[in-house]
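Q: Please find run_36.cif (mmCIF, C-alpha atoms and all ligand atoms) on the next line:
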data_target
loop_
_atom_site.group_PDB
_atom_site.id
_atom_site.type_symbol
_atom_site.label_atom_id
_atom_site.label_comp_id
_atom_site.auth_asym_id
_atom_site.auth_seq_id
_atom_site.Cartn_x
_atom_site.Cartn_y
_atom_site.Cartn_z
ATOM 1 C CA MET A 17 -1.971 14.978 24.730
ATOM 2 C CA HIS A 18 -1.756 12.043 27.104
ATOM 3 C CA LYS A 19 -3.725 8.961 26.321
ATOM 4 C CA GLU A 20 -5.785 6.939 28.753
ATOM 5 C CA THR A 21 -3.821 3.970 30.024
ATOM 6 C CA PRO A 22 -4.894 1.046 27.844
ATOM 7 C CA LYS A 23 -5.128 -2.588 28.890
ATOM 8 C CA ILE A 24 -1.960 -4.247 27.654
ATOM 9 C CA ASN A 25 -1.142 -7.858 28.404
ATOM 10 C CA TYR A 26 2.645 -7.930 28.664
ATOM 11 C CA THR A 27 2.709 -11.715 28.899
ATOM 12 C CA ASP A 28 0.912 -12.234 25.586
ATOM 13 C CA LYS A 29 2.948 -11.548 22.433
ATOM 14 C CA VAL A 30 0.936 -11.232 19.228
ATOM 15 C CA ILE A 31 4.115 -10.684 17.195
ATOM 16 C CA GLU A 32 7.502 -12.094 18.129
ATOM 17 C CA ILE A 33 10.524 -11.474 15.913
ATOM 18 C CA LYS A 34 14.006 -12.775 16.620
ATOM 19 C CA GLY A 35 17.217 -12.250 14.665
ATOM 20 C CA LEU A 36 15.476 -11.104 11.494
ATOM 21 C CA THR A 37 17.762 -10.271 8.588
ATOM 22 C CA LYS A 38 16.884 -9.096 5.101
ATOM 23 C CA SER A 39 19.170 -7.949 2.289
ATOM 24 C CA PHE A 40 18.567 -6.913 -1.293
ATOM 25 C CA ASP A 41 21.671 -7.770 -3.344
ATOM 26 C CA GLU A 42 24.549 -6.183 -1.430
ATOM 27 C CA ASN A 43 22.231 -3.967 0.562
ATOM 28 C CA ASP A 44 21.774 -5.232 4.160
ATOM 29 C CA ILE A 45 18.523 -3.615 5.274
ATOM 30 C CA LEU A 46 17.532 -5.518 8.437
ATOM 31 C CA ARG A 47 20.526 -6.807 10.376
ATOM 32 C CA GLY A 48 19.232 -8.863 13.264
ATOM 33 C CA VAL A 49 15.948 -7.282 14.289
ATOM 34 C CA ASP A 50 14.267 -8.399 17.525
ATOM 35 C CA LEU A 51 10.772 -7.106 18.142
ATOM 36 C CA ASP A 52 7.757 -8.018 20.268
ATOM 37 C CA LEU A 53 4.249 -6.632 20.003
ATOM 38 C CA TYR A 54 2.100 -7.297 23.062
ATOM 39 C CA ARG A 55 -1.648 -7.833 23.048
ATOM 40 C CA GLY A 56 -3.468 -4.528 23.262
ATOM 41 C CA GLU A 57 -0.372 -2.410 22.677
ATOM 42 C CA ASN A 58 0.239 0.498 20.286
ATOM 43 C CA LEU A 59 3.854 0.178 19.191
ATOM 44 C CA VAL A 60 5.377 3.041 17.199
ATOM 45 C CA VAL A 61 8.197 2.251 14.772
ATOM 46 C CA LEU A 62 10.433 5.208 13.999
ATOM 47 C CA GLY A 63 13.259 5.392 11.504
ATOM 48 C CA ARG A 64 14.581 7.514 8.702
ATOM 49 C CA SER A 65 13.478 6.999 5.143
ATOM 50 C CA GLY A 66 14.864 3.838 3.617
ATOM 51 C CA THR A 67 15.752 2.156 6.926
ATOM 52 C CA GLY A 68 13.471 -0.808 6.216
ATOM 53 C CA LYS A 69 10.212 -0.074 8.061
ATOM 54 C CA SER A 70 8.034 -1.064 5.110
ATOM 55 C CA VAL A 71 10.191 -4.130 4.476
ATOM 56 C CA LEU A 72 9.553 -5.145 8.097
ATOM 57 C CA ILE A 73 5.768 -4.785 7.679
ATOM 58 C CA LYS A 74 5.908 -6.775 4.435
ATOM 59 C CA ILE A 75 7.794 -9.582 6.175
ATOM 60 C CA ILE A 76 5.288 -9.596 9.061
ATOM 61 C CA SER A 77 2.426 -9.910 6.598
ATOM 62 C CA GLY A 78 4.179 -12.555 4.506
ATOM 63 C CA LEU A 79 4.563 -10.394 1.393
ATOM 64 C CA LEU A 80 8.351 -10.699 1.614
ATOM 65 C CA ARG A 81 10.435 -13.550 2.989
ATOM 66 C CA ALA A 82 13.028 -13.077 5.708
ATOM 67 C CA ASP A 83 16.581 -14.224 4.905
ATOM 68 C CA GLU A 84 17.130 -15.407 8.480
ATOM 69 C CA GLY A 85 15.373 -15.256 11.823
ATOM 70 C CA ILE A 86 11.988 -16.126 13.239
ATOM 71 C CA VAL A 87 8.822 -14.158 12.627
ATOM 72 C CA ASN A 88 5.839 -15.363 14.655
ATOM 73 C CA VAL A 89 2.504 -13.651 14.105
ATOM 74 C CA LEU A 90 -0.453 -14.699 16.283
ATOM 75 C CA GLY A 91 1.484 -17.829 17.200
ATOM 76 C CA GLN A 92 2.299 -18.832 13.628
ATOM 77 C CA ASN A 93 5.721 -18.910 12.027
ATOM 78 C CA VAL A 94 5.063 -16.834 8.908
ATOM 79 C CA SER A 95 7.791 -18.423 6.778
ATOM 80 C CA LYS A 96 6.358 -21.930 7.358
ATOM 81 C CA LEU A 97 2.802 -21.182 6.258
ATOM 82 C CA THR A 98 1.213 -22.415 3.052
ATOM 83 C CA PRO A 99 -0.285 -19.724 0.772
ATOM 84 C CA LYS A 100 -3.763 -20.655 2.066
ATOM 85 C CA GLU A 101 -2.698 -20.403 5.721
ATOM 86 C CA LEU A 102 -1.024 -17.092 4.989
ATOM 87 C CA GLN A 103 -4.226 -15.813 3.426
ATOM 88 C CA GLN A 104 -6.147 -16.816 6.574
ATOM 89 C CA LEU A 105 -3.589 -15.093 8.775
ATOM 90 C CA ARG A 106 -3.728 -11.910 6.685
ATOM 91 C CA LEU A 107 -7.458 -11.649 7.366
ATOM 92 C CA LYS A 108 -6.527 -11.065 11.018
ATOM 93 C CA LEU A 109 -4.240 -8.181 10.050
ATOM 94 C CA GLY A 110 -5.700 -4.794 9.205
ATOM 95 C CA PHE A 111 -3.664 -2.638 6.841
ATOM 96 C CA SER A 112 -4.031 1.105 6.879
ATOM 97 C CA PHE A 113 -1.676 2.186 4.141
ATOM 98 C CA GLN A 114 -1.203 5.533 2.473
ATOM 99 C CA ASN A 115 -2.252 4.141 -0.875
ATOM 100 C CA SER A 116 -5.258 2.173 0.400
ATOM 101 C CA ALA A 117 -7.609 4.240 -1.754
ATOM 102 C CA LEU A 118 -11.388 4.040 -1.719
ATOM 103 C CA TYR A 119 -13.366 3.132 -4.821
ATOM 104 C CA ASP A 120 -14.517 6.479 -6.217
ATOM 105 C CA SER A 121 -17.574 5.082 -7.984
ATOM 106 C CA MET A 122 -18.998 3.521 -4.796
ATOM 107 C CA THR A 123 -20.684 5.199 -1.836
ATOM 108 C CA VAL A 124 -19.024 5.036 1.571
ATOM 109 C CA ALA A 125 -21.356 2.188 2.630
ATOM 110 C CA GLU A 126 -20.605 0.232 -0.567
ATOM 111 C CA ASN A 127 -16.877 0.707 -0.010
ATOM 112 C CA LEU A 128 -17.293 -0.796 3.459
ATOM 113 C CA GLU A 129 -19.530 -3.609 2.293
ATOM 114 C CA PHE A 130 -17.093 -4.733 -0.383
ATOM 115 C CA PRO A 131 -14.470 -6.489 1.798
ATOM 116 C CA LEU A 132 -17.147 -7.752 4.168
ATOM 117 C CA VAL A 133 -19.225 -9.714 1.651
ATOM 118 C CA ARG A 134 -16.092 -10.910 -0.080
ATOM 119 C CA HIS A 135 -14.801 -12.629 3.044
ATOM 120 C CA GLN A 136 -18.002 -13.433 4.942
ATOM 121 C CA THR A 137 -20.549 -14.919 2.616
ATOM 122 C CA ASN A 138 -23.160 -15.925 5.206
ATOM 123 C CA LEU A 139 -24.261 -12.467 6.331
ATOM 124 C CA THR A 140 -27.807 -11.174 5.979
ATOM 125 C CA ARG A 141 -28.539 -7.663 4.685
ATOM 126 C CA ARG A 142 -29.461 -6.688 8.230
ATOM 127 C CA ASP A 143 -26.087 -8.006 9.571
ATOM 128 C CA ILE A 144 -24.200 -6.109 6.870
ATOM 129 C CA ASN A 145 -25.990 -2.844 7.656
ATOM 130 C CA ARG A 146 -25.430 -3.287 11.374
ATOM 131 C CA ILE A 147 -21.695 -3.943 10.943
ATOM 132 C CA ILE A 148 -21.347 -0.933 8.622
ATOM 133 C CA ASP A 149 -23.096 1.214 11.246
ATOM 134 C CA VAL A 150 -20.726 -0.008 13.977
ATOM 135 C CA VAL A 151 -17.543 0.858 12.074
ATOM 136 C CA LEU A 152 -18.895 4.173 10.776
ATOM 137 C CA ASP A 153 -19.857 5.136 14.295
ATOM 138 C CA ALA A 154 -16.397 4.103 15.546
ATOM 139 C CA VAL A 155 -14.686 6.464 13.109
ATOM 140 C CA GLY A 156 -17.214 9.246 13.799
ATOM 141 C CA LEU A 157 -18.736 9.321 10.315
ATOM 142 C CA ALA A 158 -22.189 7.792 10.742
ATOM 143 C CA GLN A 159 -23.628 10.660 8.694
ATOM 144 C CA SER A 160 -21.420 9.864 5.669
ATOM 145 C CA ARG A 161 -22.977 6.475 4.849
ATOM 146 C CA ASP A 162 -24.381 7.529 1.481
ATOM 147 C CA GLN A 163 -21.742 10.035 0.465
ATOM 148 C CA MET A 164 -19.285 9.506 -2.371
ATOM 149 C CA PRO A 165 -15.544 9.513 -1.530
ATOM 150 C CA SER A 166 -15.103 12.662 -3.659
ATOM 151 C CA GLU A 167 -17.365 14.534 -1.224
ATOM 152 C CA LEU A 168 -15.086 13.748 1.741
ATOM 153 C CA SER A 169 -12.046 15.623 3.063
ATOM 154 C CA GLY A 170 -8.630 13.918 3.206
ATOM 155 C CA GLY A 171 -9.088 13.249 6.915
ATOM 156 C CA GLN A 172 -12.561 11.786 6.382
ATOM 157 C CA ARG A 173 -11.277 9.519 3.598
ATOM 158 C CA LYS A 174 -8.552 8.330 5.954
ATOM 159 C CA ARG A 175 -11.230 7.535 8.561
ATOM 160 C CA ILE A 176 -13.281 5.570 6.055
ATOM 161 C CA GLY A 177 -10.118 3.695 5.047
ATOM 162 C CA ILE A 178 -9.635 2.741 8.699
ATOM 163 C CA ALA A 179 -13.323 1.761 8.982
ATOM 164 C CA ARG A 180 -12.936 -0.487 5.942
ATOM 165 C CA THR A 181 -10.012 -2.183 7.646
ATOM 166 C CA LEU A 182 -11.899 -2.588 10.929
ATOM 167 C CA ILE A 183 -14.867 -4.195 9.261
ATOM 168 C CA LEU A 184 -13.128 -7.597 9.223
ATOM 169 C CA LYS A 185 -12.323 -7.292 12.966
ATOM 170 C CA PRO A 186 -8.529 -7.522 12.702
ATOM 171 C CA GLU A 187 -6.545 -8.546 15.771
ATOM 172 C CA ILE A 188 -3.520 -6.552 14.644
ATOM 173 C CA MET A 189 -3.582 -3.159 12.920
ATOM 174 C CA LEU A 190 -0.658 -2.011 10.793
ATOM 175 C CA TYR A 191 -0.657 1.726 10.156
ATOM 176 C CA ASP A 192 1.849 3.067 7.626
ATOM 177 C CA GLU A 193 2.322 6.842 8.015
ATOM 178 C CA PRO A 194 -1.250 7.472 9.215
ATOM 179 C CA THR A 195 -0.880 11.263 9.362
ATOM 180 C CA ALA A 196 1.177 11.806 6.200
ATOM 181 C CA GLY A 197 -0.242 14.582 4.047
ATOM 182 C CA LEU A 198 -2.769 15.731 6.676
ATOM 183 C CA ASP A 199 -2.856 19.169 8.306
ATOM 184 C CA PRO A 200 -1.949 19.350 12.036
ATOM 185 C CA ILE A 201 -5.528 19.485 13.313
ATOM 186 C CA THR A 202 -6.690 16.585 11.157
ATOM 187 C CA SER A 203 -3.555 14.688 12.235
ATOM 188 C CA ILE A 204 -4.530 15.122 15.882
ATOM 189 C CA GLU A 205 -7.991 13.724 15.088
ATOM 190 C CA ILE A 206 -6.436 10.690 13.410
ATOM 191 C CA ASN A 207 -4.163 10.164 16.427
ATOM 192 C CA LYS A 208 -7.226 10.186 18.675
ATOM 193 C CA LEU A 209 -8.933 7.729 16.361
ATOM 194 C CA ILE A 210 -5.966 5.342 16.513
ATOM 195 C CA ASN A 211 -6.258 5.373 20.316
ATOM 196 C CA GLU A 212 -10.024 4.958 20.122
ATOM 197 C CA VAL A 213 -9.627 1.946 17.814
ATOM 198 C CA GLN A 214 -7.152 0.413 20.265
ATOM 199 C CA ARG A 215 -9.596 0.845 23.152
ATOM 200 C CA ARG A 216 -12.812 -0.069 21.388
ATOM 201 C CA PHE A 217 -11.675 -2.922 19.142
ATOM 202 C CA LYS A 218 -8.953 -4.242 21.499
ATOM 203 C CA THR A 219 -6.464 -4.267 18.656
ATOM 204 C CA SER A 220 -2.700 -4.487 18.942
ATOM 205 C CA SER A 221 -1.043 -2.090 16.510
ATOM 206 C CA ILE A 222 2.192 -1.187 14.817
ATOM 207 C CA ILE A 223 2.271 2.442 13.736
ATOM 208 C CA ILE A 224 5.027 3.514 11.370
ATOM 209 C CA THR A 225 5.487 7.253 11.461
ATOM 210 C CA HIS A 226 7.919 10.133 11.080
ATOM 211 C CA ASP A 227 5.488 12.413 12.878
ATOM 212 C CA LEU A 228 6.681 12.774 16.456
ATOM 213 C CA THR A 229 3.411 14.322 17.627
ATOM 214 C CA CYS A 230 1.690 11.188 16.386
ATOM 215 C CA ALA A 231 4.375 8.977 17.961
ATOM 216 C CA ARG A 232 3.973 10.676 21.311
ATOM 217 C CA SER A 233 0.193 10.630 21.366
ATOM 218 C CA VAL A 234 -0.475 7.076 20.175
ATOM 219 C CA GLY A 235 2.603 5.088 21.258
ATOM 220 C CA ASP A 236 2.553 3.035 24.441
ATOM 221 C CA ARG A 237 6.074 2.061 23.444
ATOM 222 C CA LEU A 238 8.378 3.310 20.703
ATOM 223 C CA VAL A 239 11.222 1.634 18.871
ATOM 224 C CA MET A 240 13.699 3.284 16.534
ATOM 225 C CA LEU A 241 15.328 1.476 13.635
ATOM 226 C CA LEU A 242 18.962 2.537 13.316
ATOM 227 C CA ASP A 243 21.448 0.810 11.034
ATOM 228 C CA GLY A 244 19.256 -2.240 10.576
ATOM 229 C CA GLN A 245 18.397 -2.867 14.228
ATOM 230 C CA PHE A 246 16.093 -1.543 16.922
ATOM 231 C CA GLN A 247 18.658 0.261 19.009
ATOM 232 C CA ARG A 248 16.350 2.496 21.026
ATOM 233 C CA GLN A 249 13.130 1.499 22.692
ATOM 234 C CA GLY A 250 10.840 2.674 25.469
ATOM 235 C CA THR A 251 8.514 5.579 26.070
ATOM 236 C CA PHE A 252 8.873 8.708 23.932
ATOM 237 C CA GLU A 253 11.020 10.344 26.608
ATOM 238 C CA GLU A 254 13.213 7.255 27.029
ATOM 239 C CA VAL A 255 13.858 6.924 23.308
ATOM 240 C CA PHE A 256 14.925 10.545 22.877
ATOM 241 C CA ASP A 257 16.829 10.950 26.158
ATOM 242 C CA THR A 258 20.219 10.212 24.600
ATOM 243 C CA ASP A 259 23.250 11.984 23.164
ATOM 244 C CA ASP A 260 23.236 9.666 20.148
ATOM 245 C CA GLU A 261 23.482 12.101 17.231
ATOM 246 C CA ARG A 262 21.413 9.905 14.921
ATOM 247 C CA VAL A 263 18.520 10.074 17.387
ATOM 248 C CA GLN A 264 18.961 13.771 18.076
ATOM 249 C CA SER A 265 19.010 14.678 14.406
ATOM 250 C CA PHE A 266 15.827 12.664 13.854
ATOM 251 C CA TYR A 267 14.191 14.622 16.697
ATOM 252 C CA ASN A 268 15.454 18.042 15.599
ATOM 253 C CA TYR A 269 14.505 17.495 11.990
ATOM 254 C CA ASN A 270 10.886 16.985 13.036
ATOM 255 C CA PHE A 271 10.663 20.404 14.583
ATOM 256 C CA ILE A 272 12.236 22.368 11.747
ATOM 257 C CA ASP A 273 9.726 23.851 9.315
HETATM 258 N N1 LIG B 1 11.616 -5.461 -3.310
HETATM 259 C C1 LIG B 1 12.747 -4.745 -3.139
HETATM 260 N N2 LIG B 1 13.825 -4.968 -3.917
HETATM 261 C C2 LIG B 1 14.970 -4.289 -3.736
HETATM 262 N N3 LIG B 1 15.153 -3.360 -2.777
HETATM 263 C C3 LIG B 1 14.116 -3.089 -1.972
HETATM 264 C C4 LIG B 1 12.866 -3.772 -2.118
HETATM 265 N N4 LIG B 1 12.021 -3.310 -1.158
HETATM 266 C C5 LIG B 1 12.722 -2.373 -0.468
HETATM 267 N N5 LIG B 1 13.975 -2.243 -0.944
HETATM 268 C C6 LIG B 1 14.996 -1.343 -0.413
HETATM 269 O O1 LIG B 1 15.046 -1.519 0.996
HETATM 270 C C7 LIG B 1 15.305 -0.270 1.625
HETATM 271 C C8 LIG B 1 14.272 -0.005 2.704
HETATM 272 O O2 LIG B 1 13.024 0.257 2.097
HETATM 273 P P1 LIG B 1 11.700 0.556 2.915
HETATM 274 O O3 LIG B 1 10.637 0.837 1.920
HETATM 275 O O4 LIG B 1 11.436 -0.521 3.900
HETATM 276 O O5 LIG B 1 12.075 1.892 3.697
HETATM 277 P P2 LIG B 1 11.219 2.704 4.762
HETATM 278 O O6 LIG B 1 11.981 2.721 6.028
HETATM 279 O O7 LIG B 1 9.831 2.165 4.803
HETATM 280 O O8 LIG B 1 11.248 4.158 4.100
HETATM 281 P P3 LIG B 1 10.136 5.297 4.002
HETATM 282 O O9 LIG B 1 10.041 5.904 5.352
HETATM 283 O O10 LIG B 1 10.699 6.226 2.997
HETATM 284 O O11 LIG B 1 8.852 4.641 3.551
HETATM 285 C C9 LIG B 1 15.336 0.788 0.536
HETATM 286 O O12 LIG B 1 16.691 1.034 0.216
HETATM 287 C C10 LIG B 1 14.643 0.113 -0.632
HETATM 288 O O13 LIG B 1 15.139 0.577 -1.855
#
Rewrite the structure from the file as structure tokens, please.
A:
Amino acid sequence: MHKETPKINYTDKVIEIKGLTKSFDENDILRGVDLDLYRGENLVVLGRSGTGKSVLIKIISGLLRADEGIVNVLGQNVSKLTPKELQQLRLKLGFSFQNSALYDSMTVAENLEFPLVRHQTNLTRRDINRIIDVVLDAVGLAQSRDQMPSELSGGQRKRIGIARTLILKPEIMLYDEPTAGLDPITSIEINKLINEVQRRFKTSSIIITHDLTCARSVGDRLVMLLDGQFQRQGTFEEVFDTDDERVQSFYNYNFID
């Protein structure tokens, strides 16, 4: 599947990382990472298990501190922010994580309302309903407003999780393994949704995935973390057009059942 060409502003960096290092005890995980995310772009981050992809996302969102290097997010140096400033910045980041579970005792609409009224206290009931309708429509689940999470399929729950993230209008979306645990057809629907979110909400996104079908269908650009650095980057074809065995084995592994 080829995506429509999105509007990407290659002069406007929403994330800029230079020389980032991070170790845990003797374990050097990130060894001088440079990375840019441009406004409007879907950037796919590939890498084997344990290479530090989640650590990178945690550093971007200020949950972990870098040892060295500069991490600028929406023009702010993350390591220099006060806890309050960091909290403000995090509101502009939307997290779609595997474990971002819905509240089982609340309807879909109540699940969506929860973060909204927590962070925006001046909304009327009519505003809240309108915003819920917009995000439900965006994820194609307008009819599920009053359903309970237990009545939804895995793919539908994933969609509602994304809707709940979109409700605060994030500038940057961070997707961690968006298709993990989903069947191939549902995965394709989620890939389409990621592209739809990019187009409709003008978000810039980092998508961490091992799923090469996902990588190919959502990524405007791909980077691969190898031995603590981004050593391959470009389109899907550019990243995999190499004799580097580490890259080839990553590719081949994906297509072995
Ligand atoms: N808080 C921590 N303390 C100590 N070690 C950590 C901590 N967080 C991560 N690590 C280590 O850093 C390495 C990279 O972890 P990370 O979770 O970023 O991998 P990943 O690339 O996201 O893997 P996966 O694809 O399996 O999710 C692992 O060896 C992990 O054990």
Q: For the provided coordinates, the residues matched by the PyMOL selection byres (((chain A and resi 181-194) around 9) and not hetatm) should be stated as an MDAnalysis selection string.
A: chainID A and resid 30 55:56 69:70 73 90 106:114 128:129 131:132 135:136 147:148 150:151 174 176:180 195:198 203 206:207 210 213:214 217:227 230
Q: Please produce a file of the residues just selected, as a PDB file, in the frame of the given file, where the atoms kept are C-alpha atoms.
A:
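The file below, again-v3.pdb, is the result:
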ATOM      1  CA  VAL A  30       0.936 -11.232  19.228  1.00  0.00           C
ATOM      2  CA  ARG A  55      -1.648  -7.833  23.048  1.00  0.00           C
ATOM      3  CA  GLY A  56      -3.468  -4.528  23.262  1.00  0.00           C
ATOM      4  CA  LYS A  69      10.212  -0.074   8.061  1.00  0.00           C
ATOM      5  CA  SER A  70       8.034  -1.064   5.110  1.00  0.00           C
ATOM      6  CA  ILE A  73       5.768  -4.785   7.679  1.00  0.00           C
ATOM      7  CA  LEU A  90      -0.453 -14.699  16.283  1.00  0.00           C
ATOM      8  CA  ARG A 106      -3.728 -11.910   6.685  1.00  0.00           C
ATOM      9  CA  LEU A 107      -7.458 -11.649   7.366  1.00  0.00           C
ATOM     10  CA  LYS A 108      -6.527 -11.065  11.018  1.00  0.00           C
ATOM     11  CA  LEU A 109      -4.240  -8.181  10.050  1.00  0.00           C
ATOM     12  CA  GLY A 110      -5.700  -4.794   9.205  1.00  0.00           C
ATOM     13  CA  PHE A 111      -3.664  -2.638   6.841  1.00  0.00           C
ATOM     14  CA  SER A 112      -4.031   1.105   6.879  1.00  0.00           C
ATOM     15  CA  PHE A 113      -1.676   2.186   4.141  1.00  0.00           C
ATOM     16  CA  GLN A 114      -1.203   5.533   2.473  1.00  0.00           C
ATOM     17  CA  LEU A 128     -17.293  -0.796   3.459  1.00  0.00           C
ATOM     18  CA  GLU A 129     -19.530  -3.609   2.293  1.00  0.00           C
ATOM     19  CA  PRO A 131     -14.470  -6.489   1.798  1.00  0.00           C
ATOM     20  CA  LEU A 132     -17.147  -7.752   4.168  1.00  0.00           C
ATOM     21  CA  HIS A 135     -14.801 -12.629   3.044  1.00  0.00           C
ATOM     22  CA  GLN A 136     -18.002 -13.433   4.942  1.00  0.00           C
ATOM     23  CA  ILE A 147     -21.695  -3.943  10.943  1.00  0.00           C
ATOM     24  CA  ILE A 148     -21.347  -0.933   8.622  1.00  0.00           C
ATOM     25  CA  VAL A 150     -20.726  -0.008  13.977  1.00  0.00           C
ATOM     26  CA  VAL A 151     -17.543   0.858  12.074  1.00  0.00           C
ATOM     27  CA  LYS A 174      -8.552   8.330   5.954  1.00  0.00           C
ATOM     28  CA  ILE A 176     -13.281   5.570   6.055  1.00  0.00           C
ATOM     29  CA  GLY A 177     -10.118   3.695   5.047  1.00  0.00           C
ATOM     30  CA  ILE A 178      -9.635   2.741   8.699  1.00  0.00           C
ATOM     31  CA  ALA A 179     -13.323   1.761   8.982  1.00  0.00           C
ATOM     32  CA  ARG A 180     -12.936  -0.487   5.942  1.00  0.00           C
ATOM     33  CA  THR A 195      -0.880  11.263   9.362  1.00  0.00           C
ATOM     34  CA  ALA A 196       1.177  11.806   6.200  1.00  0.00           C
ATOM     35  CA  GLY A 197      -0.242  14.582   4.047  1.00  0.00           C
ATOM     36  CA  LEU A 198      -2.769  15.731   6.676  1.00  0.00           C
ATOM     37  CA  SER A 203      -3.555  14.688  12.235  1.00  0.00           C
ATOM     38  CA  ILE A 206      -6.436  10.690  13.410  1.00  0.00           C
ATOM     39  CA  ASN A 207      -4.163  10.164  16.427  1.00  0.00           C
ATOM     40  CA  ILE A 210      -5.966   5.342  16.513  1.00  0.00           C
ATOM     41  CA  VAL A 213      -9.627   1.946  17.814  1.00  0.00           C
ATOM     42  CA  GLN A 214      -7.152   0.413  20.265  1.00  0.00           C
ATOM     43  CA  PHE A 217     -11.675  -2.922  19.142  1.00  0.00           C
ATOM     44  CA  LYS A 218      -8.953  -4.242  21.499  1.00  0.00           C
ATOM     45  CA  THR A 219      -6.464  -4.267  18.656  1.00  0.00           C
ATOM     46  CA  SER A 220      -2.700  -4.487  18.942  1.00  0.00           C
ATOM     47  CA  SER A 221      -1.043  -2.090  16.510  1.00  0.00           C
ATOM     48  CA  ILE A 222       2.192  -1.187  14.817  1.00  0.00           C
ATOM     49  CA  ILE A 223       2.271   2.442  13.736  1.00  0.00           C
ATOM     50  CA  ILE A 224       5.027   3.514  11.370  1.00  0.00           C
ATOM     51  CA  THR A 225       5.487   7.253  11.461  1.00  0.00           C
ATOM     52  CA  HIS A 226       7.919  10.133  11.080  1.00  0.00           C
ATOM     53  CA  ASP A 227       5.488  12.413  12.878  1.00  0.00           C
ATOM     54  CA  CYS A 230       1.690  11.188  16.386  1.00  0.00           C
TER      55      CYS A 230
END
Q: Please report, as JSON, the centre and edge lengths in Å to one decimal of an axis-aligned box covering all listed atoms of ligand LIG 1 (chain B) with 4 Å per side.
A:
{"center_x": 12.8, "center_y": 0.4, "center_z": 1.1, "size_x": 15.8, "size_y": 19.7, "size_z": 17.9}
Q: From the set A:Lys74, A:Lys208, A:Arg175, A:Lys19, which residue has the shortest atom-to-atom contact distance to A:Lys38, counting only C-alpha atoms?
A: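 Closest to A:Lys38 of all the choices is A:Lys74.
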Q: Please identify every polymer residue within 7 Å of ligand LIG 1 (chain B), using all atoms listed in the file, and present the set as a VMD selection string.
A: chain A and resid 40 45 63 to 72
Q: For A:Leu152, which residue out of A:Ala125, A:Thr251, A:Val263, A:Met164 is the nearest one, using all atoms listed in the file?
A: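 Of all the options, A:Ala125 lies closest to A:Leu152.
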Q: Ranking A:Gly48, A:Gly170, A:Gly250, A:Gly91 by minimum distance to A:Lys34 and counting only C-alpha atoms, which one comes first?
A: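 Result for the nearest residue to A:Lys34: A:Gly48.
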Q: Could you check which of A:Arg216, A:Arg237, A:Lys29, A:Arg141 is closest to A:Asn58, using only C-alpha atoms?
A: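 That would be A:Arg237, the residue with the smallest distance to A:Asn58.
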Q: Could you state the separation of atom CA of A:Gly244 and atom CA of A:Leu36 in Å, given to one decimal place?
A: 9.7 Å
Q: Hey, what comes out of the PyMOL selection byres (((chain A and resi 120) around 10) and not hetatm) on this file? Could you write it as a count of residues only?
A: 12
Q: What does the distance between atom CA of A:Thr202 and atom CA of A:Asn145 come to in Å, to one decimal place?
A: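 Spanning atom CA of A:Thr202 to atom CA of A:Asn145 is a straight-line distance of 27.6 Å.
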Q: Starting from the sparse input, extend stretch 178-189 of chain A to N, CA and C atoms and give the output as a PDB file, in the coordinates of the input.
A:
ATOM      1  N   ILE A 178      -9.827   3.481   7.440  1.00  0.00           N
ATOM      2  CA  ILE A 178      -9.635   2.741   8.699  1.00  0.00           C
ATOM      3  C   ILE A 178     -10.892   1.912   9.003  1.00  0.00           C
ATOM      4  N   ALA A 179     -12.066   2.499   8.753  1.00  0.00           N
ATOM      5  CA  ALA A 179     -13.323   1.761   8.982  1.00  0.00           C
ATOM      6  C   ALA A 179     -13.368   0.509   8.104  1.00  0.00           C
ATOM      7  N   ARG A 180     -12.905   0.658   6.868  1.00  0.00           N
ATOM      8  CA  ARG A 180     -12.936  -0.487   5.942  1.00  0.00           C
ATOM      9  C   ARG A 180     -12.001  -1.598   6.431  1.00  0.00           C
ATOM     10  N   THR A 181     -10.929  -1.200   7.082  1.00  0.00           N
ATOM     11  CA  THR A 181     -10.012  -2.183   7.646  1.00  0.00           C
ATOM     12  C   THR A 181     -10.636  -2.850   8.871  1.00  0.00           C
ATOM     13  N   LEU A 182     -11.327  -2.056   9.684  1.00  0.00           N
ATOM     14  CA  LEU A 182     -11.899  -2.588  10.929  1.00  0.00           C
ATOM     15  C   LEU A 182     -13.050  -3.547  10.678  1.00  0.00           C
ATOM     16  N   ILE A 183     -13.634  -3.450   9.510  1.00  0.00           N
ATOM     17  CA  ILE A 183     -14.867  -4.195   9.261  1.00  0.00           C
ATOM     18  C   ILE A 183     -14.644  -5.707   9.343  1.00  0.00           C
ATOM     19  N   LEU A 184     -13.408  -6.156   9.118  1.00  0.00           N
ATOM     20  CA  LEU A 184     -13.128  -7.597   9.223  1.00  0.00           C
ATOM     21  C   LEU A 184     -12.598  -7.969  10.613  1.00  0.00           C
ATOM     22  N   LYS A 185     -12.736  -7.076  11.571  1.00  0.00           N
ATOM     23  CA  LYS A 185     -12.323  -7.292  12.966  1.00  0.00           C
ATOM     24  C   LYS A 185     -10.892  -7.811  13.092  1.00  0.00           C
ATOM     25  N   PRO A 186      -9.912  -7.053  12.612  1.00  0.00           N
ATOM     26  CA  PRO A 186      -8.529  -7.522  12.702  1.00  0.00           C
ATOM     27  C   PRO A 186      -8.038  -7.564  14.149  1.00  0.00           C
ATOM     28  N   GLU A 187      -7.144  -8.505  14.420  1.00  0.00           N
ATOM     29  CA  GLU A 187      -6.545  -8.546  15.771  1.00  0.00           C
ATOM     30  C   GLU A 187      -5.369  -7.586  15.841  1.00  0.00           C
ATOM     31  N   ILE A 188      -4.698  -7.421  14.699  1.00  0.00           N
ATOM     32  CA  ILE A 188      -3.520  -6.552  14.644  1.00  0.00           C
ATOM     33  C   ILE A 188      -3.750  -5.494  13.567  1.00  0.00           C
ATOM     34  N   MET A 189      -3.485  -4.237  13.914  1.00  0.00           N
ATOM     35  CA  MET A 189      -3.582  -3.159  12.920  1.00  0.00           C
ATOM     36  C   MET A 189      -2.163  -2.712  12.551  1.00  0.00           C
TER      37      MET A 189
END
